[in-house]
Amino acid sequence: MAALSEEQRMIKDQASAWVREQAPVSTFRAMRDQDVAQGFFSETWQAMIEMGWTGLVVPETYGGAGLGYQTLGLVLEQLGRNLVASPLYASSVVGAAALMHSGSEDQKQALLPKIADGGRLVVLALEEGPRHNPSQIMCRAELTSSGVTLSGTKQFVMEGSAATDFVVAAKVDHGAGETGVGLFLVACDTPGVRRHAVKTMDSRGYASVTFNDVALDLEAMLAGPDTGQAVLEAVLDVATAALAAEMLGTAAAAFDMTLDYLKTRKQFGQVIGGFQALGHRAAGLYSEMELTRSCVEAALAALDNDAQDAQELVALAKCKASEFLHEMSSQLIQIHGGIGMTDEFDAGFYLKRARVLENALGNAAYHRDRYAKLLNF
Amino acid sequence: MAALSEEQRMIKDQASAWVREQAPVSTFRAMRDQDVAQGFFSETWQAMIEMGWTGLVVPETYGGAGLGYQTLGLVLEQLGRNLVASPLYASSVVGAAALMHSGSEDQKQALLPKIADGGRLVVLALEEGPRHNPSQIMCRAELTSSGVTLSGTKQFVMEGSAATDFVVAAKVDHGAGETGVGLFLVACDTPGVRRHAVKTMDSRGYASVTFNDVALDLEAMLAGPDTGQAVLEAVLDVATAALAAEMLGTAAAAFDMTLDYLKTRKQFGQVIGGFQALGHRAAGLYSEMELTRSCVEAALAALDNDAQDAQELVALAKCKASEFLHEMSSQLIQIHGGIGMTDEFDAGFYLKRARVLENALGNAAYHRDRYAKLLNF
Amino acid sequence: MTEQAINLDTFRAEVAGWLQENFPENLKGQGIAPFGGVEGDRVVEGDAALWRDRLASRGWGTPTWPADLGGGGLNHEEAKVLSEEMHHVGAINPIPLLAGMGVTMVGPTIMEYGTEDQKKRHIPGICSGKVRWCLGYSEPNAGSDLASLATKAEENGDHWLINGQKVWTSGADISQWCGALVRTDSGVKKRDGISFLMLKMDQPGVETRPIKLIAGASPFCETFFNDARAEKDDLLGALNDGWSVGKRLLQYERASQTGARPTSNKVSGSLQSLAKSYVGETATGELADADLRVRIADHLMHTRAHGLTIARITAEAKGNPEVSAAASILKNSATRVSQERAELTLEFMGHQGLGWEGDDFSEDEIEHVRGWLGGKAISIYGGSFEIQNNIIAKNILGLPETTQKG
Amino acid sequence: MTEQAINLDTFRAEVAGWLQENFPENLKGQGIAPFGGVEGDRVVEGDAALWRDRLASRGWGTPTWPADLGGGGLNHEEAKVLSEEMHHVGAINPIPLLAGMGVTMVGPTIMEYGTEDQKKRHIPGICSGKVRWCLGYSEPNAGSDLASLATKAEENGDHWLINGQKVWTSGADISQWCGALVRTDSGVKKRDGISFLMLKMDQPGVETRPIKLIAGASPFCETFFNDARAEKDDLLGALNDGWSVGKRLLQYERASQTGARPTSNKVSGSLQSLAKSYVGETATGELADADLRVRIADHLMHTRAHGLTIARITAEAKGNPEVSAAASILKNSATRVSQERAELTLEFMGHQGLGWEGDDFSEDEIEHVRGWLGGKAISIYGGSFEIQNNIIAKNILGLPETTQKG
């Protein structure tokens, strides 16, 4: 990052200190061991609200701090380091972005302040099949004179267990056939909405949500078929770049744990980092981390600056972050040897979380393909 | 290889001794430095004829030894080791295979004994574009009542400078449209045939050959459109597996040179093979070599046994041989450092030859795709 | 027909007849489950116990081992016939499983290094399938550097007293015997003061504690020796020569690990068809994800190459590939096959590959996740990936040793 | 408008005016060819010599160097303006090229370590573009182990006598001066007895012999010193402290190598469009070879990441990224970019990528082959790939040194 502003430095230092002191990996372990249904501790969430992170990117008009994605990235990276479980990303980043990129002024006024103060958890309900594919949406929204009827099932909805509202992507049906994708705001307690928790390897709060002929007002439509696709893409760009920032943090912590082990663990009468094969492996991982960091920061900056090549940079960031986190989490286990295999040690958490994040919003192959398409080949 | 027969062991030992003593890399260097037009020394070729290698796979009925491709592979591997330049592969393997898989009894009687005694050099003229693509042939053969008229251009014809005859793959035109691929035998001195030498980085005898309304007898058709595609595929299987055997030899010699250097070159007060990063790299290369050898031998055995999965194994062998030779020739230079970059040292010959062989008859990606297609995905 | 072939046919008929009489019909196709599964956590009883005992009574659980020690006394061709006929009727041989490390590692090593008395006391138990063995090798601070182990054995009259801690002792909590590497001389270079002792697990001085792994419950234990006792005549090999004995045993282990086992055996069908079921295919029948297709093809090609290499080395070794120099190559290659397959499967399963429990995932999917996690150990245990590379560089390629400085 | 911006605008106008008067029209867009090209094998004359001398008269060949030593005395913003305006009229600055290693490496090192007298004697020559420097570093048996060099310098009255052999001295046959690492004390640990001497190349004791490389002719030479002479006051830095001086110079080299230069500058257009021209495309506009497409995309992404990293590190270092700890990372990354691009291009060109000479291949194709071969050196010279990894492990990550045992 070119140079942090005074404000950015403060926020980064605060996040770093809080994560180190208040949210060690043992907090995540306790959450998992206690099998907390919503997938995070309410205390954690409360602390984030108090630090103002929930409104970080929400414009000041709507009760937020109106800071940029680069600043947000600083916080997410720190959270990623210690696998901090919270709905910050799902609601205060992705949910907020959905409202910021769509919705009427009334809708914004009604919801954004609630997202910013943590009172509502608004999350995107997008995925339907086992692999990320936003161009194939099967959920349907029928527009009638009196409103909208929503039907379909959404899977792997992040923080879907704790959410208060869903932003649902659905094919819009005018009666005269489907016309495109729209985004719809659905409160969790609307009749016809059912959800159940999905138990994933990273022990976070995913849910599967079914919409059974859910009747909504016309105002529930945040974006209609004319703008829906563009809005969804813009929201996904934000979501993807922000996720890459969290992944960078997770991988960086795994690197630090590994480097520390290389410097302290002795075998054959010397610290194992002195074995050239391991030293060079560490050098290679460090180099990849530096390259990944550049991509992540560039993607966040491009979003802040509304840069022309933002989509390319977002695809680049997610691809590089996925690849590096994949390799780094694998090497975390491999270099730690037997101890890395035990549940008592934290390495397994990083490995499991890594694969979930790699897969989310399109894996490395998905974004490599996207990058090639954007480059016209 | 399961176990060599007595005969195979003799042939292998003979090839190994001859290559070591009579055909060192310095012979190839002399050939290159003297810019020998045909791309090999006639003495080399004469010696091969005398050792009977020219008739190794030709059936005894046609004056050959009637031995299998596994035995042939033993010889080709040795030749590959020292980059021995000769038309053995192009004529006595590929040319012979073309005749053995097609042609009337008369044609076989006429040509196979000449291939076996080295009197004629019969080579396949297949490639037309920059990349191997046997399914897109543009050369045309018009069948008329009186015979065949052949037109088109063939590129990168191996040993095309020294060849006496070409086996040309061409689309057959009956007058009522094209009906498939046929193979045609064309003597080099037929009116309308023009060739010129192509100077490639491996300093071997390639030619570009143009067929300008070349009038042929109907007997020139070795395979018609009903069988042509199948024959061509069978010939390419033989050609590809045999090439993989040569590539294995080239890569194995590069490995041996590298290992020798690792054991003798000293830096920082110890032989460089003692640096673990290089030791592990050598271990990885050796492992890949062992895997590649298994694939090459299995492909040759499958051809000898007419095995059902021969095509798969041939694709596997060429892919693995291409990948290993690519990496091995690159590491040959890298590990030798500065000396490897000089023309005075032989490493450059291996690197240049490697890329030519990798590309010939489809590179690793081509055969990976082919393998996937054969496995139905 | 040669005499040998006639004999084999006769033997085949004999086996078939015996199986018809002795193999309990309702074990057919049941696999290892009735014998406690991989975890070995169930009591073997009823038909399963019957089959185990009948098989053992002929020595056919260890068919090529000497008959006078409880083995079958068969040659390799006969053993092959036996295996074929058992496969034919859907029977498995549970004894290698029931003996823990007994059949694959401890038995061969005892037969090579043991006294006549030791063979007579230990081999029949292994052949019976009733005595399970574990191995006390790794220690908390040793890892791949086995020679630096600290567990001590001291002479105490007619027996040894053992004190120290082992880790990664697979099946320690359900084994009757343990083969342990212990330090019997601290005054010499570290490899030189090690001995191989055999001791009973069911004694007051031995305590075991199961280890929970990243994939969940595991067969591994921590094992604590507090004045544990081993008999004087249960020293295997010479005093302070345990390093050679232990290394030889590991070679038997490596030989048994060269085949690439799927990290999960529940995911059935070919990898490519499974991938298609998650990813879909193009109009021309290709996997819809071209990037993934390349990597799956590459993986399947490597897998094939690995299989061909095992076959080639086996053939070159004339049917006895065990303990060959190539074992390290095959170990690393097998590891790559297994781990790569698991990662690719996880990838194409997408969200469905990320489950931990619950009805949102199929049994196969959950099983695969656990297998993928557990499989991360393949490149760590039994000589890590790095150790195998050291062995290849030094023993096969003749490069200088880089790990042992002292 | 700030004062600084006003000054810059004034300066821009001044430069534009000066260029209009002084830049010879017919050098426009000619690139480095009139100045001897990369090989430097042509005499600089006519307009080329005129332009060189006019540029040097303002010190603008080395714009940020001190004006009293022949530099331009400009600040970084002004230098940027100069560069922009020159680019605008199609002019290049040939002086870094004409000075060999003078501008990029020797000059900065002299300014850091040299005496006032040394600066006055050597810097103006570099700034003039008339004095070319080469470097005597590598020796036939040293390679990456620079510290083990054997070329000796002995004091002999008012000068040094140098004996020994150097190799890979780029441009030695056309240089006027050489900066050489020599051994001045054999009795101490090998790094401690090395000094950095500057000597004239045009003297009886110096002989050069060009080296032919795998790509053909090269700028590299073997250089032989037989009682070659260096003046006493041309010792740069302290006696026996040449290791520090030489290492510092290499850091300047590494900094100049972190940009990924294409191994051939003749292949124009984007890699992906060039690939399409050889391989073709599908109905939906994708590269027809899906396997290759994945690898080209991966390469382009790495290339982008590399560029972003240079930009980030430059920004973090506030405009002065030279000699940073990240240089080793960027060197290896740049190497990968260059070599990977060359290999991919070779691959998609198919047969057309395999030419050596003749009309069957385009000039671009032949040029690419030579560039691909020459580019294999990028991971060997200037600190090999392996050496850079050692540096990263030791200097950045703080892991123990693995190369230096003695």
# chains A, B, ... in the order shown; residues from 1 in each chain; ligands from 1
$ select_by_dssp --residues "segment 158-263 of chain C" --states "strand (DSSP E)" --output "PyMOL selection string"
chain C and resi 159-170+177-183+194-200+206-210+220-231+235-236
$ residues_around --residues "Leu292 of chain C" --least-positions-apart "5" --cutoff "10 Å" --atoms "only C-alpha atoms" --output "JSON list (two decimals) with all heavy atoms, in the first residue's frame"
[["chain", "number", "residue", "atom", "x", "y", "z"],
["A", 365, "ALA", "N", -9.46, -21.36, -10.39],
["A", 365, "ALA", "CA", -9.72, -21.67, -11.79],
["A", 365, "ALA", "C", -10.82, -20.77, -12.35],
["A", 365, "ALA", "O", -10.73, -20.28, -13.48],
["A", 365, "ALA", "CB", -10.11, -23.14, -11.94],
["A", 366, "TYR", "N", -11.83, -20.53, -11.55],
["A", 366, "TYR", "CA", -12.93, -19.67, -11.97],
["A", 366, "TYR", "C", -12.43, -18.27, -12.31],
["A", 366, "TYR", "O", -12.78, -17.70, -13.34],
["A", 366, "TYR", "CB", -13.98, -19.60, -10.84],
["A", 366, "TYR", "CG", -15.15, -18.68, -11.12],
["A", 366, "TYR", "CD1", -16.30, -19.16, -11.73],
["A", 366, "TYR", "CD2", -15.10, -17.33, -10.77],
["A", 366, "TYR", "CE1", -17.37, -18.32, -11.99],
["A", 366, "TYR", "CE2", -16.16, -16.49, -11.03],
["A", 366, "TYR", "CZ", -17.30, -16.98, -11.63],
["A", 366, "TYR", "OH", -18.35, -16.15, -11.90],
["C", 275, "ALA", "N", -16.43, -36.20, -11.34],
["C", 275, "ALA", "CA", -16.25, -34.78, -11.61],
["C", 275, "ALA", "C", -17.38, -34.26, -12.50],
["C", 275, "ALA", "O", -17.94, -33.19, -12.26],
["C", 275, "ALA", "CB", -14.89, -34.53, -12.26],
["C", 279, "VAL", "N", -19.72, -31.06, -12.03],
["C", 279, "VAL", "CA", -19.33, -29.90, -12.83],
["C", 279, "VAL", "C", -20.11, -29.81, -14.12],
["C", 279, "VAL", "O", -20.28, -28.73, -14.68],
["C", 279, "VAL", "CB", -17.81, -29.98, -13.12],
["C", 279, "VAL", "CG1", -17.36, -28.83, -13.99],
["C", 279, "VAL", "CG2", -17.03, -30.00, -11.81],
["C", 287, "LEU", "N", -15.46, -32.31, -19.78],
["C", 287, "LEU", "CA", -15.76, -31.71, -18.48],
["C", 287, "LEU", "C", -15.94, -30.20, -18.67],
["C", 287, "LEU", "O", -15.15, -29.55, -19.34],
["C", 287, "LEU", "CB", -14.61, -31.99, -17.51],
["C", 287, "LEU", "CG", -14.89, -31.68, -16.04],
["C", 287, "LEU", "CD1", -15.89, -32.68, -15.48],
["C", 287, "LEU", "CD2", -13.60, -31.72, -15.23],
["C", 297, "ALA", "N", -6.81, -34.58, -15.87],
["C", 297, "ALA", "CA", -6.09, -35.41, -16.84],
["C", 297, "ALA", "C", -4.66, -35.61, -16.38],
["C", 297, "ALA", "O", -4.12, -36.73, -16.38],
["C", 297, "ALA", "CB", -6.13, -34.77, -18.22],
["C", 298, "ASP", "N", -4.03, -34.54, -15.96],
["C", 298, "ASP", "CA", -2.65, -34.63, -15.48],
["C", 298, "ASP", "C", -2.56, -35.60, -14.31],
["C", 298, "ASP", "O", -1.65, -36.44, -14.23],
["C", 298, "ASP", "CB", -2.18, -33.23, -15.07],
["C", 298, "ASP", "CG", -0.76, -33.24, -14.56],
["C", 298, "ASP", "OD1", 0.13, -33.60, -15.35],
["C", 298, "ASP", "OD2", -0.54, -32.91, -13.38],
["C", 344, "LEU", "N", -8.33, -32.62, -5.66],
["C", 344, "LEU", "CA", -9.13, -32.41, -6.86],
["C", 344, "LEU", "C", -10.60, -32.70, -6.59],
["C", 344, "LEU", "O", -11.49, -31.97, -7.03],
["C", 344, "LEU", "CB", -8.62, -33.28, -8.01],
["C", 344, "LEU", "CG", -7.32, -32.82, -8.66],
["C", 344, "LEU", "CD1", -6.76, -33.91, -9.57],
["C", 344, "LEU", "CD2", -7.54, -31.53, -9.45],
["C", 347, "GLU", "N", -12.12, -30.04, -4.68],
["C", 347, "GLU", "CA", -12.34, -28.86, -5.53],
["C", 347, "GLU", "C", -13.60, -29.00, -6.38],
["C", 347, "GLU", "O", -14.42, -28.09, -6.42],
["C", 347, "GLU", "CB", -11.13, -28.61, -6.42],
["C", 347, "GLU", "CG", -11.36, -27.42, -7.35],
["C", 347, "GLU", "CD", -10.19, -27.11, -8.26],
["C", 347, "GLU", "OE1", -9.04, -27.46, -7.93],
["C", 347, "GLU", "OE2", -10.43, -26.51, -9.34],
["C", 348, "PHE", "N", -13.74, -30.15, -7.06],
["C", 348, "PHE", "CA", -14.89, -30.19, -7.96],
["C", 348, "PHE", "C", -16.21, -30.37, -7.22],
["C", 348, "PHE", "O", -17.27, -30.05, -7.75],
["C", 348, "PHE", "CB", -14.69, -31.18, -9.12],
["C", 348, "PHE", "CG", -14.61, -32.65, -8.80],
["C", 348, "PHE", "CD1", -15.68, -33.33, -8.24],
["C", 348, "PHE", "CD2", -13.48, -33.38, -9.14],
["C", 348, "PHE", "CE1", -15.62, -34.68, -7.98],
["C", 348, "PHE", "CE2", -13.40, -34.74, -8.89],
["C", 348, "PHE", "CZ", -14.48, -35.40, -8.31],
["D", 291, "ASP", "N", -5.82, -25.87, -22.71],
["D", 291, "ASP", "CA", -4.71, -26.16, -21.78],
["D", 291, "ASP", "C", -3.74, -24.98, -21.78],
["D", 291, "ASP", "O", -3.37, -24.43, -20.74],
["D", 291, "ASP", "CB", -4.04, -27.46, -22.26],
["D", 291, "ASP", "CG", -3.03, -28.02, -21.30],
["D", 291, "ASP", "OD1", -2.17, -27.25, -20.83],
["D", 291, "ASP", "OD2", -3.07, -29.24, -21.03],
["D", 294, "VAL", "N", -5.10, -21.76, -20.11],
["D", 294, "VAL", "CA", -4.96, -21.71, -18.66],
["D", 294, "VAL", "C", -3.56, -21.23, -18.29],
["D", 294, "VAL", "O", -3.39, -20.37, -17.42],
["D", 294, "VAL", "CB", -5.20, -23.11, -18.04],
["D", 294, "VAL", "CG1", -4.79, -23.13, -16.58],
["D", 294, "VAL", "CG2", -6.66, -23.50, -18.20]]
$ closest_atom_pairs --of "chain A" --to "chain C" --cutoff "9 Å" --atoms "only C-alpha atoms" --output "CSV"
residue,atom,partner,partner_atom,distance
A:Gly129,CA,C:His351,CA,8.0
A:Pro130,CA,C:His351,CA,4.8
A:Arg131,CA,C:Gly350,CA,4.9
A:His132,CA,C:Gly350,CA,7.9
A:Gln155,CA,C:His351,CA,8.6
A:Phe156,CA,C:His351,CA,7.2
A:Val198,CA,C:Asp360,CA,6.6
A:Lys199,CA,C:Trp356,CA,5.6
A:Thr200,CA,C:Gly355,CA,4.2
A:Met201,CA,C:Trp356,CA,4.7
A:Asp202,CA,C:Leu354,CA,8.1
A:Ser203,CA,C:Trp356,CA,8.1
A:Ser208,CA,C:Asp360,CA,8.6
A:Arg265,CA,C:Asn141,CA,8.7
A:Lys266,CA,C:Asn141,CA,8.3
A:Gln267,CA,C:Asp145,CA,5.6
A:Phe268,CA,C:Asp145,CA,5.7
A:Gly269,CA,C:Gly406,CA,6.9
A:Gln270,CA,C:Lys405,CA,8.5
A:Phe275,CA,C:Thr403,CA,7.4
A:Gln276,CA,C:Thr402,CA,9.0
A:Ala277,CA,C:Glu386,CA,8.2
A:Leu278,CA,C:Glu386,CA,8.8
A:Ser330,CA,C:Lys376,CA,8.2
A:Ile333,CA,C:Lys376,CA,7.6
A:Gln334,CA,C:Ile380,CA,6.6
A:Ile335,CA,C:Ile380,CA,8.6
A:Gly337,CA,C:Ile380,CA,5.6
A:Gly338,CA,C:Ile380,CA,6.7
A:Ile339,CA,C:Pro140,CA,8.6
A:Gly340,CA,C:Ile214,CA,8.4
A:Met341,CA,C:Leu213,CA,5.7
A:Thr342,CA,C:Leu213,CA,4.1
A:Asp343,CA,C:Leu213,CA,4.6
A:Glu344,CA,C:Lys212,CA,7.4
A:Phe345,CA,C:Ile214,CA,8.7
A:Ala347,CA,C:Ile214,CA,8.4
A:Gly348,CA,C:Ile214,CA,5.3
A:Phe349,CA,C:Ile214,CA,8.0
A:Leu351,CA,C:Leu373,CA,8.7
A:Lys352,CA,C:Leu354,CA,8.2
A:Arg355,CA,C:Leu354,CA,7.6
A:Val356,CA,C:Leu354,CA,6.4
A:Asn359,CA,C:Gly350,CA,6.3
A:Ala360,CA,C:His351,CA,8.0
A:Asn363,CA,C:Glu347,CA,8.3
A:Ala365,CA,C:Asp291,CA,6.1
A:Tyr366,CA,C:Asp291,CA,8.4
A:Arg368,CA,C:Asp291,CA,8.6
A:Asp369,CA,C:Asp291,CA,7.9
$ residues_around --residues "Leu259 of chain B" --least-positions-apart "2" --cutoff "8 Å" --atoms "only C-alpha atoms" --output "JSON, numbers by chain"
{"B": [255, 256, 257, 261, 262, 263, 273, 282], "C": [397]}
$ select_by_dssp --residues "segment 145-355 of chain B" --states "helix (DSSP H, G or I)" --output "PyMOL selection string"
chain B and resi 218-220+228-264+272-274+276-304+310-336+338-341+347-355
$ residues_around --residues "segment 322-328 of chain B" --least-positions-apart "5" --cutoff "9 Å" --atoms "only C-alpha atoms" --output "list of chain:residue names"
B:Ala244, B:Met247, B:Leu248, B:Thr250, B:Ala251, B:Ala252, B:Ala254, B:Phe255, B:Thr258, B:Leu285, B:Glu288, B:Met289, B:Thr292, B:Ala317, B:Ile333, B:Leu351, B:Ala354, B:Arg355, B:Leu357, B:Glu358, B:Asn359, B:Asn363, B:Ala364
$ closest_residue --among "A:Ala283, A:Leu124, A:Cys139, A:Ala65" --to "chain B" --atoms "only C-alpha atoms"
A:Ala283
$ residues_around --residues "Ile396 of chain C" --least-positions-apart "3" --cutoff "9 Å" --atoms "only C-alpha atoms" --output "number ranges by chain"
B: 283; C: 325-326, 391-393, 399
$ residues_around --residues "Arg120 of chain A" --least-positions-apart "5" --cutoff "7 Å" --atoms "only C-alpha atoms" --output "PyMOL selection string"
chain A and resi 114-115+164
$ atom_distance --atom1 "atom CA of Lys108 of chain B" --atom2 "atom CA of Leu72 of chain B"
20.3 Å
$ atom_distance --atom1 "atom CA of Val103 of chain D" --atom2 "atom CA of Ile194 of chain D"
23.5 Å
$ residues_around --residues "Gly64 of chain A" --least-positions-apart "2" --cutoff "9 Å" --atoms "only C-alpha atoms" --output "list of chain:residue names"
A:Gly52, A:Trp53, A:Thr54, A:Gly55, A:Leu56, A:Val57, A:Val58, A:Pro59, A:Glu60, A:Thr61, A:Tyr62, A:Gly66, A:Leu67, A:Leu112, A:Pro113, A:Ile115, A:Ala116, A:Asp117
$ atom_distance --atom1 "atom CA of Gly63 of chain B" --atom2 "atom CA of Ala97 of chain B"
14.4 Å
$ closest_residue --among "B:Gly118, B:Arg81, B:Ala239, B:Gly279" --to "chain A" --atoms "only C-alpha atoms"
B:Gly279
$ closest_residue --among "C:Thr345, C:Phe23, C:Tyr113, C:Gly125" --to "Ser277 of chain C" --atoms "only C-alpha atoms"
C:Thr345
$ closest_residue --among "A:Glu21, A:Glu290, A:Asp173, A:Asp237" --to "Gln78 of chain A" --atoms "only C-alpha atoms"
A:Glu21
